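I have placed the structure first, in the form of structure tokens, so that the comments after it can refer back to it.
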Amino acid sequence: HDPWADALAGADGHAMADAFERIQAPTQLWVALRTQWIDERLRQLAGEGRDQVVILGAGLDARAARLRRPGIRFFEVDHPGTQAAKLERVRALEGYPVDAAIYVDCDFERDDFLERLVASGFAPDRPAFITWEGVTPYLSEEAIRTTLRRITDGCHPKSVLTFDYINRNMVAGDRLNADDAEVRAKVDAMGEPFLFGTNDILP
């Protein structure tokens, strides 16, 4: 349940959701299940000594507002422009707990997100729950690998990262069925094309 989703999405968000639903009917269900799975992992792992939650590429995510609890600090990391637009929206929503998160400006293609986090009060010597939802398809492989290395090298070893990704053929555009080709074209037209996909996340 997200009491702020409707207002945060606005007319543009509803139009986008409807457009993708016409192309691939399960889209909204898939997104809801993805979010629910991450929420459940957060509830479980934040109760096992991880008192810091980091949301990378937070966008309009309201997870900090929905899942806040005493003793857990939420950090939302995103591009300065996106962060400013999000803050403008949430400050206009009656009852939205703006102070549920610490907002950290970062351009993943240029900035060291961990340095930005530490400067905002994040403690790298304590375990954290880190989530990266709906972001990796829009970043270069170099930026993704750099971020993963920083988490591995700079965060406590008991930190946990959750993230999602798409298959390589969605990025390459070859051997796509009609629905996938239409999704890819829609994403391209929105100005944020798919940049990264993989068929094996382990290498």
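Please note that chains go A, B, ... in the order of the structure tokens, that every chain numbers its residues from 1, and that ligands are numbered from 1 in the order shown.
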Identify all residues of region 154-200 of chain A in helix (DSSP H, G or I) (DSSP on the backbone) and supply them as JSON, numbers by chain. {"A": [154, 168, 169, 170, 171, 172, 178, 179, 180, 181, 182, 183, 184, 185, 186, 187, 188, 189]}
Exercise: Glu182 (chain A) partners within 12 Å, only C-alpha atoms, chain neighbours under 3 positions left out, as number ranges by chain: A: 19-24, 170, 173, 176-179, 185-189
Could you tell me, as an mmCIF file with N, CA, C and O atoms, in the first residue's frame, which residues of region 22-167 of chain A DSSP assigns to strand (DSSP E or B) when given the backbone?
```
data_model
loop_
_atom_site.group_PDB
_atom_site.id
_atom_site.type_symbol
_atom_site.label_atom_id
_atom_site.label_comp_id
_atom_site.auth_asym_id
_atom_site.auth_seq_id
_atom_site.Cartn_x
_atom_site.Cartn_y
_atom_site.Cartn_z
ATOM 1 N N GLN A 52 20.736 1.111 8.440
ATOM 2 C CA GLN A 52 20.842 2.098 7.375
ATOM 3 C C GLN A 52 20.241 1.517 6.099
ATOM 4 O O GLN A 52 20.567 0.389 5.718
ATOM 5 N N VAL A 53 19.362 2.271 5.458
ATOM 6 C CA VAL A 53 18.768 1.855 4.194
ATOM 7 C C VAL A 53 19.139 2.899 3.146
ATOM 8 O O VAL A 53 18.899 4.091 3.335
ATOM 9 N N VAL A 54 19.732 2.429 2.049
ATOM 10 C CA VAL A 54 20.138 3.325 0.966
ATOM 11 C C VAL A 54 19.318 2.997 -0.273
ATOM 12 O O VAL A 54 19.272 1.840 -0.713
ATOM 13 N N ILE A 55 18.656 4.014 -0.833
ATOM 14 C CA ILE A 55 17.876 3.843 -2.052
ATOM 15 C C ILE A 55 18.625 4.556 -3.170
ATOM 16 O O ILE A 55 18.647 5.791 -3.233
ATOM 17 N N LEU A 56 19.285 3.793 -4.022
ATOM 18 C CA LEU A 56 20.068 4.348 -5.126
ATOM 19 C C LEU A 56 19.144 4.642 -6.301
ATOM 20 O O LEU A 56 18.357 3.796 -6.706
ATOM 21 N N ARG A 73 17.723 4.597 9.510
ATOM 22 C CA ARG A 73 17.930 5.826 8.745
ATOM 23 C C ARG A 73 17.861 5.510 7.260
ATOM 24 O O ARG A 73 18.525 4.583 6.777
ATOM 25 N N PHE A 74 17.058 6.272 6.533
ATOM 26 C CA PHE A 74 16.917 6.111 5.087
ATOM 27 C C PHE A 74 17.701 7.201 4.370
ATOM 28 O O PHE A 74 17.611 8.386 4.728
ATOM 29 N N PHE A 75 18.448 6.801 3.338
ATOM 30 C CA PHE A 75 19.168 7.739 2.484
ATOM 31 C C PHE A 75 18.659 7.567 1.062
ATOM 32 O O PHE A 75 18.673 6.452 0.534
ATOM 33 N N GLU A 76 18.203 8.641 0.448
ATOM 34 C CA GLU A 76 17.770 8.602 -0.946
ATOM 35 C C GLU A 76 18.830 9.276 -1.799
ATOM 36 O O GLU A 76 19.136 10.454 -1.609
ATOM 37 N N VAL A 77 19.378 8.523 -2.756
ATOM 38 C CA VAL A 77 20.452 9.023 -3.607
ATOM 39 C C VAL A 77 19.938 9.163 -5.030
ATOM 40 O O VAL A 77 19.399 8.210 -5.595
ATOM 41 N N ASP A 78 20.097 10.345 -5.619
ATOM 42 C CA ASP A 78 19.653 10.535 -6.999
ATOM 43 C C ASP A 78 20.283 11.785 -7.599
ATOM 44 O O ASP A 78 20.913 12.586 -6.901
ATOM 45 N N ALA A 101 13.620 10.685 5.123
ATOM 46 C CA ALA A 101 14.851 10.324 4.414
ATOM 47 C C ALA A 101 15.848 11.470 4.452
ATOM 48 O O ALA A 101 15.484 12.638 4.612
ATOM 49 N N ILE A 102 17.111 11.100 4.274
ATOM 50 C CA ILE A 102 18.179 12.073 4.044
ATOM 51 C C ILE A 102 18.436 12.056 2.546
ATOM 52 O O ILE A 102 18.664 10.988 1.960
ATOM 53 N N TYR A 103 18.381 13.208 1.901
ATOM 54 C CA TYR A 103 18.454 13.295 0.444
ATOM 55 C C TYR A 103 19.885 13.609 0.015
ATOM 56 O O TYR A 103 20.479 14.602 0.458
ATOM 57 N N VAL A 104 20.426 12.748 -0.860
ATOM 58 C CA VAL A 104 21.824 12.840 -1.269
ATOM 59 C C VAL A 104 21.895 13.033 -2.780
ATOM 60 O O VAL A 104 21.488 12.159 -3.540
ATOM 61 N N ASP A 105 22.411 14.171 -3.222
ATOM 62 C CA ASP A 105 22.563 14.445 -4.649
ATOM 63 C C ASP A 105 23.737 13.654 -5.219
ATOM 64 O O ASP A 105 24.818 13.630 -4.631
ATOM 65 N N ALA A 128 24.417 -2.169 5.957
ATOM 66 C CA ALA A 128 23.333 -1.394 5.333
ATOM 67 C C ALA A 128 22.517 -2.292 4.415
ATOM 68 O O ALA A 128 22.996 -3.322 3.933
ATOM 69 N N PHE A 129 21.282 -1.901 4.203
ATOM 70 C CA PHE A 129 20.445 -2.505 3.166
ATOM 71 C C PHE A 129 20.404 -1.495 2.024
ATOM 72 O O PHE A 129 19.994 -0.354 2.204
ATOM 73 N N ILE A 130 20.840 -1.921 0.845
ATOM 74 C CA ILE A 130 20.929 -1.028 -0.312
ATOM 75 C C ILE A 130 20.024 -1.568 -1.407
ATOM 76 O O ILE A 130 20.088 -2.764 -1.737
ATOM 77 N N THR A 131 19.175 -0.728 -1.953
ATOM 78 C CA THR A 131 18.331 -1.174 -3.055
ATOM 79 C C THR A 131 18.513 -0.257 -4.258
ATOM 80 O O THR A 131 18.687 0.957 -4.123
ATOM 81 N N TRP A 132 18.467 -0.871 -5.435
ATOM 82 C CA TRP A 132 18.739 -0.196 -6.710
ATOM 83 C C TRP A 132 17.653 -0.667 -7.672
ATOM 84 O O TRP A 132 17.881 -1.533 -8.503
ATOM 85 N N VAL A 160 23.726 -5.610 2.304
ATOM 86 C CA VAL A 160 22.994 -6.379 1.293
ATOM 87 C C VAL A 160 22.522 -5.428 0.206
ATOM 88 O O VAL A 160 22.020 -4.340 0.495
ATOM 89 N N LEU A 161 22.687 -5.855 -1.054
ATOM 90 C CA LEU A 161 22.230 -5.069 -2.204
ATOM 91 C C LEU A 161 21.157 -5.845 -2.955
ATOM 92 O O LEU A 161 21.339 -7.026 -3.263
ATOM 93 N N THR A 162 20.027 -5.184 -3.251
ATOM 94 C CA THR A 162 19.035 -5.760 -4.155
ATOM 95 C C THR A 162 18.950 -4.869 -5.389
ATOM 96 O O THR A 162 19.005 -3.639 -5.273
ATOM 97 N N PHE A 163 18.829 -5.499 -6.569
ATOM 98 C CA PHE A 163 18.685 -4.724 -7.799
ATOM 99 C C PHE A 163 18.028 -5.592 -8.854
ATOM 100 O O PHE A 163 17.937 -6.810 -8.721
#
```
With only C-alpha atoms as the atoms that count, which of A:Glu109, A:Asp174, A:Asp39, A:Asp125 lies nearest to Asp61 (chain A)?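 So, comparing all the options, the nearest one is A:Asp39.
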Do you know which residues are at most 10 Å from Tyr96 (chain A) counting only C-alpha atoms, after dropping those on the same chain fewer than 5 positions away, and could you put them as a VMD selection string? chain A and resid 3 to 4 62 65 to 66 89 to 91
Would you save the residues from that selection as a PDB file, in the first residue's frame, using N, CA and C atoms?
```pdb
ATOM      1  N   PRO A   3       0.152   5.242   0.023  1.00  0.00           N
ATOM      2  CA  PRO A   3      -0.850   6.315   0.024  1.00  0.00           C
ATOM      3  C   PRO A   3      -0.450   7.543  -0.777  1.00  0.00           C
ATOM      4  N   TRP A   4       0.832   7.633  -1.185  1.00  0.00           N
ATOM      5  CA  TRP A   4       1.292   8.821  -1.908  1.00  0.00           C
ATOM      6  C   TRP A   4       1.547   8.559  -3.391  1.00  0.00           C
ATOM      7  N   ALA A  62       8.669   6.263  -2.599  1.00  0.00           N
ATOM      8  CA  ALA A  62       8.147   6.696  -1.293  1.00  0.00           C
ATOM      9  C   ALA A  62       8.426   5.651  -0.221  1.00  0.00           C
ATOM     10  N   ALA A  65       9.049   6.889   3.326  1.00  0.00           N
ATOM     11  CA  ALA A  65       7.820   7.355   3.972  1.00  0.00           C
ATOM     12  C   ALA A  65       6.944   6.175   4.395  1.00  0.00           C
ATOM     13  N   ARG A  66       6.929   5.126   3.579  1.00  0.00           N
ATOM     14  CA  ARG A  66       6.068   3.976   3.861  1.00  0.00           C
ATOM     15  C   ARG A  66       6.615   3.054   4.944  1.00  0.00           C
ATOM     16  N   ARG A  89       7.606  18.023  -5.069  1.00  0.00           N
ATOM     17  CA  ARG A  89       6.326  17.308  -5.027  1.00  0.00           C
ATOM     18  C   ARG A  89       5.957  16.860  -3.619  1.00  0.00           C
ATOM     19  N   VAL A  90       6.906  16.255  -2.913  1.00  0.00           N
ATOM     20  CA  VAL A  90       6.550  15.703  -1.606  1.00  0.00           C
ATOM     21  C   VAL A  90       6.265  16.813  -0.592  1.00  0.00           C
ATOM     22  N   ARG A  91       6.933  17.941  -0.738  1.00  0.00           N
ATOM     23  CA  ARG A  91       6.665  19.051   0.186  1.00  0.00           C
ATOM     24  C   ARG A  91       5.269  19.632  -0.003  1.00  0.00           C
TER      25      ARG A  91
END
```
Let me make sure I understand: among A:Arg126, A:Gly81, A:Met190, A:Phe196, which one has the smallest atom-to-atom distance to Pro157 (chain A) if we use only C-alpha atoms?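 Answer, going by the shortest atom-to-atom distance: A:Arg126.
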Nearest to Ile72 (chain A) by atom-to-atom distance, counting only C-alpha atoms, from A:Leu42, A:Ile201, A:Ile144, A:Ala5: A:Leu42
One decimal, Å: what's the distance from CA of Asp2 (chain A) over to CA of Ala17 (chain A), could you say?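 Computing the Euclidean distance for CA of Asp2 (chain A) and CA of Ala17 (chain A) yields 15.9 Å.
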With only C-alpha atoms as the atoms that count, which of A:Cys155, A:Ser140, A:Ala9, A:Arg68 lies nearest to Val118 (chain A)? A:Cys155
For Arg69 (chain A), which residue out of A:Arg43, A:Leu93, A:Val98, A:Ala172 is the nearest one, using only C-alpha atoms?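 For Arg69 (chain A), the nearest of the candidates is A:Arg43.
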Do a neighbour search on Gly197 (chain A) at 10 Å with only C-alpha atoms, toss out local chain neighbours closer than 4 positions, and write the hits as a compact mmCIF listing (two decimals) with N, CA and C atoms, in the first residue's frame.
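Saved result, part23.txt, follows:
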```txt
# COMPACT_ATOMS: atom_id res chain seq x y z
N THR A 136 19.38 0.08 -13.28
CA THR A 136 20.53 -0.39 -14.06
C THR A 136 20.31 -0.39 -15.58
N PRO A 137 19.09 -0.61 -16.10
CA PRO A 137 18.96 -0.60 -17.57
C PRO A 137 19.31 0.74 -18.21
N TYR A 138 19.32 1.80 -17.42
CA TYR A 138 19.51 3.15 -17.99
C TYR A 138 20.92 3.69 -17.74
N LEU A 139 21.80 2.86 -17.18
CA LEU A 139 23.17 3.27 -16.91
C LEU A 139 24.14 2.51 -17.81
N SER A 140 25.32 3.09 -18.01
CA SER A 140 26.34 2.38 -18.77
C SER A 140 26.89 1.23 -17.92
N GLU A 141 27.44 0.23 -18.59
CA GLU A 141 28.02 -0.89 -17.85
C GLU A 141 29.15 -0.41 -16.94
N TYR A 165 17.47 -6.10 -13.37
CA TYR A 165 18.14 -5.85 -14.64
C TYR A 165 17.31 -6.46 -15.75
N ILE A 166 17.64 -6.10 -16.98
CA ILE A 166 16.95 -6.67 -18.14
C ILE A 166 17.92 -7.51 -18.95
N ASN A 167 17.37 -8.30 -19.87
CA ASN A 167 18.21 -9.15 -20.71
C ASN A 167 18.92 -8.35 -21.80
N ARG A 168 20.01 -8.91 -22.27
CA ARG A 168 20.86 -8.22 -23.24
C ARG A 168 20.12 -7.91 -24.54
N ASN A 169 19.23 -8.81 -24.97
CA ASN A 169 18.59 -8.60 -26.27
C ASN A 169 17.65 -7.39 -26.25
N MET A 170 17.14 -6.99 -25.06
CA MET A 170 16.31 -5.79 -24.99
C MET A 170 17.12 -4.54 -25.29
N VAL A 171 18.40 -4.57 -24.95
CA VAL A 171 19.28 -3.43 -25.23
C VAL A 171 19.73 -3.46 -26.69
N ALA A 172 20.12 -4.64 -27.15
CA ALA A 172 20.62 -4.77 -28.53
C ALA A 172 19.50 -4.58 -29.55
N ILE A 201 24.23 -12.36 -14.69
CA ILE A 201 24.65 -11.26 -13.83
C ILE A 201 25.93 -11.54 -13.06
```
What's around Cys106 (chain A) at 12 Å? Count only C-alpha atoms, leave out sequence neighbours fewer than 6 positions away in its own chain, and write the answer as a list in words.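 That gives Ile55, Leu56, Gly57, Ala58, Gly59, Phe75, Glu76, Val77, Asp78, His79, Pro80, Gly81, Thr82, Gln83, Ala84, Asp112, Phe113, Leu114, Glu115, Arg116, Leu117, Ala119, Ser120 and Thr147 of chain A.
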Could you turn the residues from that selection into a file that holds N, CA and C atoms, as a compact mmCIF listing (two decimals), in the first residue's frame?
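Just written: selection.txt:
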```
# COMPACT_ATOMS: atom_id res chain seq x y z
N ILE A 55 18.66 4.01 -0.83
CA ILE A 55 17.88 3.84 -2.05
C ILE A 55 18.63 4.56 -3.17
N LEU A 56 19.29 3.79 -4.02
CA LEU A 56 20.07 4.35 -5.13
C LEU A 56 19.14 4.64 -6.30
N GLY A 57 19.26 5.84 -6.89
CA GLY A 57 18.37 6.22 -7.98
C GLY A 57 16.94 6.28 -7.50
N ALA A 58 16.70 7.00 -6.41
CA ALA A 58 15.42 6.95 -5.71
C ALA A 58 14.23 7.44 -6.53
N GLY A 59 14.43 8.42 -7.40
CA GLY A 59 13.30 8.94 -8.18
C GLY A 59 12.16 9.36 -7.28
N PHE A 75 18.45 6.80 3.34
CA PHE A 75 19.17 7.74 2.48
C PHE A 75 18.66 7.57 1.06
N GLU A 76 18.20 8.64 0.45
CA GLU A 76 17.77 8.60 -0.95
C GLU A 76 18.83 9.28 -1.80
N VAL A 77 19.38 8.52 -2.76
CA VAL A 77 20.45 9.02 -3.61
C VAL A 77 19.94 9.16 -5.03
N ASP A 78 20.10 10.34 -5.62
CA ASP A 78 19.65 10.54 -7.00
C ASP A 78 20.28 11.79 -7.60
N HIS A 79 20.08 11.92 -8.91
CA HIS A 79 20.58 13.08 -9.65
C HIS A 79 19.99 14.36 -9.05
N PRO A 80 20.78 15.42 -8.95
CA PRO A 80 20.30 16.67 -8.33
C PRO A 80 18.99 17.18 -8.92
N GLY A 81 18.84 17.12 -10.24
CA GLY A 81 17.60 17.60 -10.87
C GLY A 81 16.40 16.77 -10.48
N THR A 82 16.57 15.45 -10.49
CA THR A 82 15.49 14.54 -10.09
C THR A 82 15.14 14.72 -8.62
N GLN A 83 16.18 14.88 -7.81
CA GLN A 83 15.98 15.06 -6.37
C GLN A 83 15.19 16.34 -6.08
N ALA A 84 15.53 17.40 -6.78
CA ALA A 84 14.85 18.68 -6.56
C ALA A 84 13.38 18.58 -6.96
N ASP A 112 31.15 9.95 -7.04
CA ASP A 112 31.32 8.81 -6.16
C ASP A 112 30.17 8.84 -5.16
N PHE A 113 29.20 7.96 -5.36
CA PHE A 113 28.00 8.00 -4.53
C PHE A 113 28.31 7.72 -3.07
N LEU A 114 29.33 6.89 -2.79
CA LEU A 114 29.64 6.55 -1.42
C LEU A 114 30.23 7.76 -0.68
N GLU A 115 31.07 8.52 -1.36
CA GLU A 115 31.59 9.74 -0.76
C GLU A 115 30.45 10.69 -0.42
N ARG A 116 29.47 10.81 -1.34
CA ARG A 116 28.31 11.68 -1.09
C ARG A 116 27.51 11.17 0.10
N LEU A 117 27.36 9.86 0.19
CA LEU A 117 26.61 9.28 1.31
C LEU A 117 27.30 9.55 2.64
N ALA A 119 29.37 11.85 3.41
CA ALA A 119 29.27 13.28 3.74
C ALA A 119 27.90 13.65 4.30
N SER A 120 26.91 12.80 4.02
CA SER A 120 25.54 13.06 4.50
C SER A 120 25.21 12.29 5.78
N THR A 147 29.81 1.34 -9.47
CA THR A 147 28.94 1.37 -8.30
C THR A 147 29.04 0.09 -7.50
```
